[in-house]
Amino acid sequence: MNFIDKYNISDTFNIGNKNYNYCSLDKLDKSHPELKIGTMPNAVKIMMENVLRNSCLDGNEDFDLTKLSKWSDFNNSDEVPYYPSRVLLQDFTGVPVVVDLASMRDAVKKNNGDPSIVNPMVPVDLVIDHSIQVDYFGSKNAFIRNVEKEYERNSERYSLLKWSQKSFSNMKVVPPGAGIVHQVNLEYLSPVISNKNYSNTSLVIPDTVIGTDSHTTMVNGLGVLAWGVGGIEAESVMVGQPVYMKIPSVIGVNIIGSLPKQMTATDLVLTITQKLRSYGVVGKIVEFFGESFNSLSLPDRATISNMAPEYGATASLFPIDTKTLDYLELTGRDSNKIEMIESYSKLQGLYGVDNNRKSFEDIITINLSDIEQSMAGPKRPQDKVKLSDVRSNFSNFLSESKEYITDSSNLDHGAVVIAAITSCTNTSNPDVMIGAGILARNAVENGLKTKPWVKTSLAPGSQVVDDYLHKAELIDPLEKLGFHIVGHGCTSCIGNSGPLPDDVSEKIDDQDLITCAVLSGNRNFEARVHQQVKANYLASPILVVAYALAGTIDIDFESDPIGKDKNNKEIYLKDIWPDKDEIDYKVNGSLSPEMFKNRYDTVFDGDDNWQNLSVPEGDLYNWDKFSSYIQPLSIFDDFTKDLPEQKNINDARILAVLGDSITTDHISPAGNISKNSPASEYLQQKDIGFLDFNTYGSRRGNENILTRGTFANVRLKNLLTDVEGGHTIHFPSEEKMSIFDASEKYKQTNTPLIIIAGDEYGSGSSRDWAAKGPYLLGVKLVIAKSYERIHRSNLIGMGILPVEFTNEEDFKSLDMKGNEIISIDDIKQTKTPGSLLNLSISGPDNNFLKSIKVKSRIDTNAEVNYFTNGGLLQFVLRKLLNK
């Protein structure tokens with residue numbers, strides 16, 4: 001593909017004796033001053049370069065520059081074709097992506113095409129990090145035993161991923177054990193600025209990323225523009241399609257003040273999450289600047305960027321500056337590349353903070369001086385709680401169940417049964433990791449011990465963490481408190497906490513205890529961390545260790561001792577809290593570029609387990625019909641090149657009525673498979689015992705299990721029933737049954753299905769199975785008060801119509817019962833983005849009750865194409881076959 005300079009924006013810069021070509025925004029600004037490039041936020045500049053450069057390629061359409069001139073019109077609805085330069089996957093979402101691509105190759109073959117046309121056209125990095133579970137803990141051999149168990153459970157999945165690396169060009173797989181995808185991306189994979197070779201030239205371009213994990217935004221702390229999407233959308237980008245999107249509004253966050261010494265990046269990010277979620281930044285990009293911006297370390301910026309999904313933003317973005325360059329040097333990046341990054345970012349106006357020139361839709365101020373020690377919980381990451389208020393926060397939560405604590409010195413209500421140092425959010429930040437080690441050392445020196453009912457774990461996001469904790473002589477005290485390294489992966493943050501000890505588990509069940517987890521993760525939704533734990537609090541690694549010592553959430557660290565020393569003297573948290581000066585001293589003395597180089601030089605090799613995996617041969621995957629992990633996707637079984645007929649939704653039934661803040665964990669859980677679930681029944685029919693069930697997340701390559709797991713979260717509340725879990729009422733029989741069984745019964749009468757929900761439907765993880773699952777259940781329509789961005793896109797990608805209530809209506813205000821019959825007879829109106837549709841509501845006997853207007857949330861013309869094709873993958877496949 002040739003680059004043709006249609007807009008006269010080509011330019012060069014020199015480093016030493018080498019010339020670099022690039023598309024100059026400065027030249028564009030001089031020829032088109034109406035674009036006001038100098039006042040653009042960095043995110044818009046990066047998007048502008050991307051759009052113009054890619055419209056200069058032969059075969060791509062010319063671009064109307066007037067669309068870009070409207071970037072500061074925050075109500076602008078014009079779409080631009082955005083081509084990310086790289087796709088990032090992890091194994092929970094990566095396995096279904098590979099299954100989809102392999103299934104698409106089969107469909108191409110059936111339609112007399114060349115299967116190899118289904119192949120990534122942009123670089124794809126897949127990091128295996130989501131499968132390791134904390135089966136073993138509290139001992140030096142926990143790591144080895146967990147890895148052995150990981151391969152025992154997941155060899156089929158890993159063999160598929162290893163096949164993908166051989167069969168697809170442009171795909172690299174980082175084997176298990178290297179670390180968490182976003183931390184590995186931050187420390188190694190991201191080039192920040194890279195080169196792209198065209199047929200006639202090579203251009204320097206920004207690293208722009210989409211990933212099948214909502215926390216892809218973490219790398220934005222390096223000045224990279226990245227965000228999470230569903231697997232379906234990622235697949236379309238992989239095979240050469242742009243993301244059609246409106247240029248998002250950009251909110252400026254003005255950083256002022258000075259962070260108190262006792263506060264951590266965790267306290268800061270939980271405060272930012274609460275403030276921005278309350279303000280409302282869904283669908284927007286957030287950029288940071290201000291007089292105190294430079295006080296934030298690069299790991300602090302990464303922590304803040306990581307939690308962009310929690311505060312609702314599409315992405316956050318920090319500029320490149322000296323701290324970026326210093327971090328790249330620390331992590332062992334090539335010095336010539338660092339020099340290129342500095343030169344390019346300065347030429348493009350992407351370097352440093354200019355507090356006066358940027359034009360934002362609005363500005364929010366964060367005063368670092370106001371940051372207090374904080375946690376978030378018990379059920380949502382945006383629900384920040386001051387550390388001093390955590391006891392009363394849990395007490396209020398407990399009172400909702402009419403329970404109270406009788407003995408917090410033992411395993412009782414409020415007991416902390418999981419204390420997990422986990423997640424890239426915090427383990428990427430040496431300050432809080434070293435801080436946790438110092439607190440552990442101080443605790444051990446004072447004779448303090450972890451309470452016996454606490455399941456402790458340390459799961460660093462990269463192997464480099466092991467190295468600097470060893471060098472700082474802090475591994476030993478952490479291990480003495482039970483924080484042995486259990487693996488390098490997401491573990492408790494995504495629900496891979498493993499089983500609780502039998503005596504703890506039995507007492508929780510026997511006494512119906514409401515217990516707690518304290519973890520250094522980014523999400524704490526209901527039943528996500530562990531199905532037996534109802535209250536989950538996010539905290540810094542330092543506080544995770546503190547709560548392991550306390551053993552209960554029912555403590556005020558200011559007034560209550562955390563324990564007693566060998567002389568029976570009361571010890572308070574302040575007595576063992578790490579000194580900031582010592583943290584800085586140990587961080588500076590413990591990290592080196594050699595650590596990163598030694599760990600990452602062989603990152604693609606894997607251990608003996610990986611190297612000894614057997615791998616299928618050929619461009620077409622050799623499916624094993626007896627596999628319970630990997631099966632082809634059935635949506636392509638009847639695929640043809642012809643556009644399907646678009647049909648109205650007639651006589652649909654309501655499958656579930658859900659409340660506000662329903663997450664993708666509620667819709668498609670990733671954690672353990674319950675013994676009393678349709679998925680459990682299926683596995684038992686295949687003679688698979690409970691101990692070998694593994695997790696829903698690990699079985700996303702098999703639709704037979706994931707469809708049965710849809711809406712199977714044990715904490716899901718379907719308002720059609722009076723019990724928690726994946727249950728519903730089938731109409732007109734009025735029988736109570738599982739959601740899966742009801743969907744099967746509706747299929748017998750060809751009845752389309754509907755989900756009704758409240759605000760923020762589909763928040764949380766980017767998982768595409770939260771859309772695939774409902775589609776395979778027979779859901780054609782979702783009616784909600786509002787949607788989270790990624791899930792709305794995923795629904796359209798699966799051919800499910802998302803609509804919103806209008807006129808402040810909802811299920812309750814319309815006095816609906818759940819037994820109504822629903823129809824939309826003007827489905828072709830969806831060809832106009834954002835159109836109003838007529839939704840008719842009839843009674844159980846099909847007697848007409850009322851008609852209301854609902855708003856189609858098919859927001860762009862590109863999404864119209866996806867929907868009319870029956871889904872995004874079908875659209876892509878037809879485009880490939882009809883070339």
# chains A, B, ... in the order shown; residues from 1 in each chain; ligands from 1

$ residues_around --residues "A:Asp845" --least-positions-apart "2" --cutoff "10 Å" --atoms "only C-alpha atoms" --output "list in words"
Pro732, Asn819, Glu820, Ile821, Ser842, Gly843, Asn847 and Phe848 of chain A

$ residues_around --residues "stretch 130-137 of chain A" --least-positions-apart "2" --cutoff "8 Å" --atoms "only C-alpha atoms" --output "ChimeraX atom specification"
/A:90-92,128,139,142-143,145-147,150,154,180,455-457,482-484,486-492,494,496-499,697-698

$ closest_residue --among "A:Ser628, A:Arg357, A:Ile662, A:Lys772" --to "A:Lys36" --atoms "only C-alpha atoms"
A:Arg357

$ closest_residue --among "A:Glu788, A:Asp383, A:Asp300, A:Glu287" --to "A:Met40" --atoms "only C-alpha atoms"
A:Glu287

$ closest_residue --among "A:Ser202, A:Gln382, A:Thr331, A:Thr552" --to "A:Leu591" --atoms "only C-alpha atoms"
A:Thr331

$ atom_distance --atom1 "atom CA of A:Ala539" --atom2 "atom CA of A:Lys471"
24.9 Å

$ select_by_dssp --residues "stretch 234-398 of chain A" --states "strand (DSSP E)" --output "JSON, numbers by chain"
{"A": [243, 244, 245, 246, 250, 251, 252, 253, 254, 255, 256, 285, 286, 287, 288, 289, 315, 316, 317, 362, 363, 364, 365, 366, 367, 374, 375, 376, 384, 385, 386]}

$ select_by_dssp --residues "stretch 754-829 of chain A" --states "helix (DSSP H, G or I)" --output "JSON, numbers by chain"
{"A": [769, 770, 771, 772, 773, 774, 775, 776, 777, 789, 790, 791, 792, 793, 794, 795, 796, 797, 827, 828, 829]}

$ write_last_selection --atoms "N, CA and C atoms" --output "JSON list (two decimals), in the first residue's frame"
[["chain", "number", "residue", "atom", "x", "y", "z"],
["A", 769, "TRP", "N", -18.43, -11.54, 25.42],
["A", 769, "TRP", "CA", -19.41, -12.58, 25.72],
["A", 769, "TRP", "C", -20.63, -12.03, 26.45],
["A", 770, "ALA", "N", -20.52, -10.83, 27.01],
["A", 770, "ALA", "CA", -21.70, -10.20, 27.59],
["A", 770, "ALA", "C", -22.69, -9.77, 26.52],
["A", 771, "ALA", "N", -22.26, -9.80, 25.25],
["A", 771, "ALA", "CA", -23.17, -9.58, 24.12],
["A", 771, "ALA", "C", -23.40, -10.89, 23.35],
["A", 772, "LYS", "N", -22.35, -11.68, 23.18],
["A", 772, "LYS", "CA", -22.50, -12.97, 22.48],
["A", 772, "LYS", "C", -23.49, -13.88, 23.21],
["A", 773, "GLY", "N", -23.34, -13.93, 24.55],
["A", 773, "GLY", "CA", -24.20, -14.80, 25.34],
["A", 773, "GLY", "C", -25.68, -14.47, 25.16],
["A", 774, "PRO", "N", -26.08, -13.20, 25.39],
["A", 774, "PRO", "CA", -27.48, -12.85, 25.15],
["A", 774, "PRO", "C", -27.94, -13.14, 23.72],
["A", 775, "TYR", "N", -27.08, -12.88, 22.74],
["A", 775, "TYR", "CA", -27.45, -13.19, 21.35],
["A", 775, "TYR", "C", -27.78, -14.68, 21.18],
["A", 776, "LEU", "N", -26.95, -15.53, 21.75],
["A", 776, "LEU", "CA", -27.17, -16.97, 21.61],
["A", 776, "LEU", "C", -28.34, -17.46, 22.45],
["A", 777, "LEU", "N", -28.73, -16.67, 23.46],
["A", 777, "LEU", "CA", -29.96, -16.98, 24.20],
["A", 777, "LEU", "C", -31.20, -16.63, 23.39],
["A", 789, "ARG", "N", -20.09, 2.55, 27.29],
["A", 789, "ARG", "CA", -19.69, 2.65, 25.89],
["A", 789, "ARG", "C", -19.37, 1.30, 25.23],
["A", 790, "ILE", "N", -18.49, 0.52, 25.84],
["A", 790, "ILE", "CA", -18.02, -0.69, 25.17],
["A", 790, "ILE", "C", -19.14, -1.70, 25.00],
["A", 791, "HIS", "N", -19.97, -1.85, 26.02],
["A", 791, "HIS", "CA", -21.02, -2.87, 25.93],
["A", 791, "HIS", "C", -22.06, -2.50, 24.87],
["A", 792, "ARG", "N", -22.40, -1.22, 24.80],
["A", 792, "ARG", "CA", -23.33, -0.79, 23.75],
["A", 792, "ARG", "C", -22.78, -1.18, 22.37],
["A", 793, "SER", "N", -21.50, -0.92, 22.16],
["A", 793, "SER", "CA", -20.86, -1.27, 20.89],
["A", 793, "SER", "C", -20.88, -2.77, 20.65],
["A", 794, "ASN", "N", -20.64, -3.55, 21.71],
["A", 794, "ASN", "CA", -20.65, -5.00, 21.57],
["A", 794, "ASN", "C", -22.02, -5.54, 21.20],
["A", 795, "LEU", "N", -23.06, -4.95, 21.78],
["A", 795, "LEU", "CA", -24.42, -5.39, 21.45],
["A", 795, "LEU", "C", -24.69, -5.23, 19.96],
["A", 796, "ILE", "N", -24.34, -4.06, 19.42],
["A", 796, "ILE", "CA", -24.52, -3.82, 17.99],
["A", 796, "ILE", "C", -23.68, -4.78, 17.19],
["A", 797, "GLY", "N", -22.47, -5.03, 17.67],
["A", 797, "GLY", "CA", -21.58, -5.96, 16.99],
["A", 797, "GLY", "C", -22.14, -7.37, 16.90],
["A", 827, "ILE", "N", -38.28, -1.20, 12.39],
["A", 827, "ILE", "CA", -36.86, -1.48, 12.60],
["A", 827, "ILE", "C", -35.97, -0.82, 11.55],
["A", 828, "LYS", "N", -36.52, -0.57, 10.36],
["A", 828, "LYS", "CA", -35.72, 0.05, 9.31],
["A", 828, "LYS", "C", -35.35, 1.50, 9.64],
["A", 829, "GLN", "N", -36.03, 2.08, 10.61],
["A", 829, "GLN", "CA", -35.67, 3.43, 11.05],
["A", 829, "GLN", "C", -34.28, 3.47, 11.68]]

$ residues_around --residues "stretch 782-786 of chain A" --least-positions-apart "5" --cutoff "6 Å" --atoms "only C-alpha atoms" --output "PDB file with N, CA and C atoms, in the first residue's frame"
ATOM      1  N   ILE A 754     -36.146 -10.040  25.172  1.00  0.00           N
ATOM      2  CA  ILE A 754     -35.796  -8.660  25.514  1.00  0.00           C
ATOM      3  C   ILE A 754     -35.199  -8.620  26.912  1.00  0.00           C
ATOM      4  N   ILE A 755     -34.216  -7.772  27.090  1.00  0.00           N
ATOM      5  CA  ILE A 755     -33.691  -7.433  28.416  1.00  0.00           C
ATOM      6  C   ILE A 755     -34.067  -5.988  28.703  1.00  0.00           C
ATOM      7  N   ILE A 756     -34.565  -5.718  29.900  1.00  0.00           N
ATOM      8  CA  ILE A 756     -34.870  -4.357  30.336  1.00  0.00           C
ATOM      9  C   ILE A 756     -33.944  -4.032  31.498  1.00  0.00           C
ATOM     10  N   ALA A 757     -33.331  -2.843  31.481  1.00  0.00           N
ATOM     11  CA  ALA A 757     -32.343  -2.495  32.502  1.00  0.00           C
ATOM     12  C   ALA A 757     -32.420  -1.011  32.841  1.00  0.00           C
ATOM     13  N   GLY A 758     -31.650  -0.630  33.851  1.00  0.00           N
ATOM     14  CA  GLY A 758     -31.622   0.762  34.314  1.00  0.00           C
ATOM     15  C   GLY A 758     -30.442   1.525  33.744  1.00  0.00           C
ATOM     16  N   ASP A 759     -29.828   2.358  34.578  1.00  0.00           N
ATOM     17  CA  ASP A 759     -28.683   3.175  34.157  1.00  0.00           C
ATOM     18  C   ASP A 759     -27.388   2.358  34.164  1.00  0.00           C
ATOM     19  N   GLU A 760     -26.434   2.817  33.352  1.00  0.00           N
ATOM     20  CA  GLU A 760     -25.080   2.243  33.293  1.00  0.00           C
ATOM     21  C   GLU A 760     -25.101   0.752  32.989  1.00  0.00           C
ATOM     22  N   PRO A 802     -29.672  -1.992  20.787  1.00  0.00           N
ATOM     23  CA  PRO A 802     -29.759  -1.289  22.068  1.00  0.00           C
ATOM     24  C   PRO A 802     -30.603  -0.020  21.917  1.00  0.00           C
ATOM     25  N   VAL A 803     -31.592   0.141  22.753  1.00  0.00           N
ATOM     26  CA  VAL A 803     -32.401   1.360  22.735  1.00  0.00           C
ATOM     27  C   VAL A 803     -32.486   1.895  24.157  1.00  0.00           C
ATOM     28  N   GLU A 804     -32.810   3.189  24.246  1.00  0.00           N
ATOM     29  CA  GLU A 804     -32.956   3.825  25.553  1.00  0.00           C
ATOM     30  C   GLU A 804     -34.377   4.330  25.736  1.00  0.00           C
ATOM     31  N   PHE A 805     -34.841   4.244  26.973  1.00  0.00           N
ATOM     32  CA  PHE A 805     -36.104   4.875  27.325  1.00  0.00           C
ATOM     33  C   PHE A 805     -35.999   6.381  27.087  1.00  0.00           C
TER      34      PHE A 805
END

$ residues_around --residues "stretch 741-750 of chain A" --least-positions-apart "3" --cutoff "8 Å" --atoms "only C-alpha atoms" --output "VMD selection string"
chain A and resid 655 678 728 to 730 737 to 738 753 777 to 778

$ write_last_selection --atoms "C-alpha atoms" --output "short mmCIF file (atom, residue, chain, number, x, y, z; two decimals), in the first residue's frame"
data_model
loop_
_atom_site.label_atom_id
_atom_site.label_comp_id
_atom_site.auth_asym_id
_atom_site.auth_seq_id
_atom_site.Cartn_x
_atom_site.Cartn_y
_atom_site.Cartn_z
CA LEU A 655 -36.31 -12.49 29.71
CA PRO A 678 -26.83 -24.83 33.83
CA THR A 728 -36.52 -15.90 35.58
CA ILE A 729 -40.20 -16.50 34.95
CA HIS A 730 -41.17 -18.09 31.66
CA MET A 737 -36.60 -21.63 35.92
CA SER A 738 -33.07 -20.72 34.98
CA LEU A 753 -36.37 -12.00 23.79
CA LEU A 777 -29.96 -16.98 24.20
CA GLY A 778 -32.18 -15.33 21.59
#

$ closest_atom_pairs --of "stretch 738-819 of chain A" --to "stretch 523-526 of chain A" --cutoff "12 Å" --atoms "only C-alpha atoms" --output "JSON lines"
{"residue": "A:Ser763", "atom": "CA", "partner": "A:Phe525", "partner_atom": "CA", "distance": 10.2}
{"residue": "A:Gly764", "atom": "CA", "partner": "A:Arg523", "partner_atom": "CA", "distance": 7.9}
{"residue": "A:Ser765", "atom": "CA", "partner": "A:Arg523", "partner_atom": "CA", "distance": 9.2}

$ closest_atom_pairs --of "stretch 302-409 of chain A" --to "stretch 251-269 of chain A" --cutoff "7 Å" --atoms "only C-alpha atoms" --output "CSV"
residue,atom,partner,partner_atom,distance
A:Thr303,CA,A:Val269,CA,7.0
A:Ile304,CA,A:Val269,CA,5.3
A:Phe360,CA,A:Ile251,CA,5.5
A:Glu361,CA,A:Ile251,CA,5.6
A:Asp362,CA,A:Ile251,CA,5.3
A:Ile363,CA,A:Gly252,CA,4.6
A:Ile364,CA,A:Val253,CA,4.8
A:Thr365,CA,A:Asn254,CA,4.6
A:Ile366,CA,A:Ile255,CA,5.1
A:Asn367,CA,A:Ile256,CA,4.9
A:Leu368,CA,A:Leu259,CA,4.6
A:Ser369,CA,A:Ser258,CA,4.9
A:Ile371,CA,A:Leu268,CA,6.2
A:Glu372,CA,A:Asp267,CA,6.5
A:Gln373,CA,A:Asp267,CA,5.5
A:Ser374,CA,A:Asp267,CA,5.1

$ residues_around --residues "A:Ser297" --least-positions-apart "5" --cutoff "10 Å" --atoms "only C-alpha atoms" --output "PyMOL selection string"
chain A and resi 221+265+302-303+323-324+327+429+431

$ atom_distance --atom1 "atom CA of A:Ser190" --atom2 "atom CA of A:Leu88"
10.0 Å

$ atom_distance --atom1 "atom CA of A:Thr422" --atom2 "atom CA of A:Phe397"
24.5 Å

$ closest_residue --among "A:Glu473, A:Ala862, A:Ile576, A:Tyr198" --to "A:Cys56" --atoms "only C-alpha atoms"
A:Tyr198
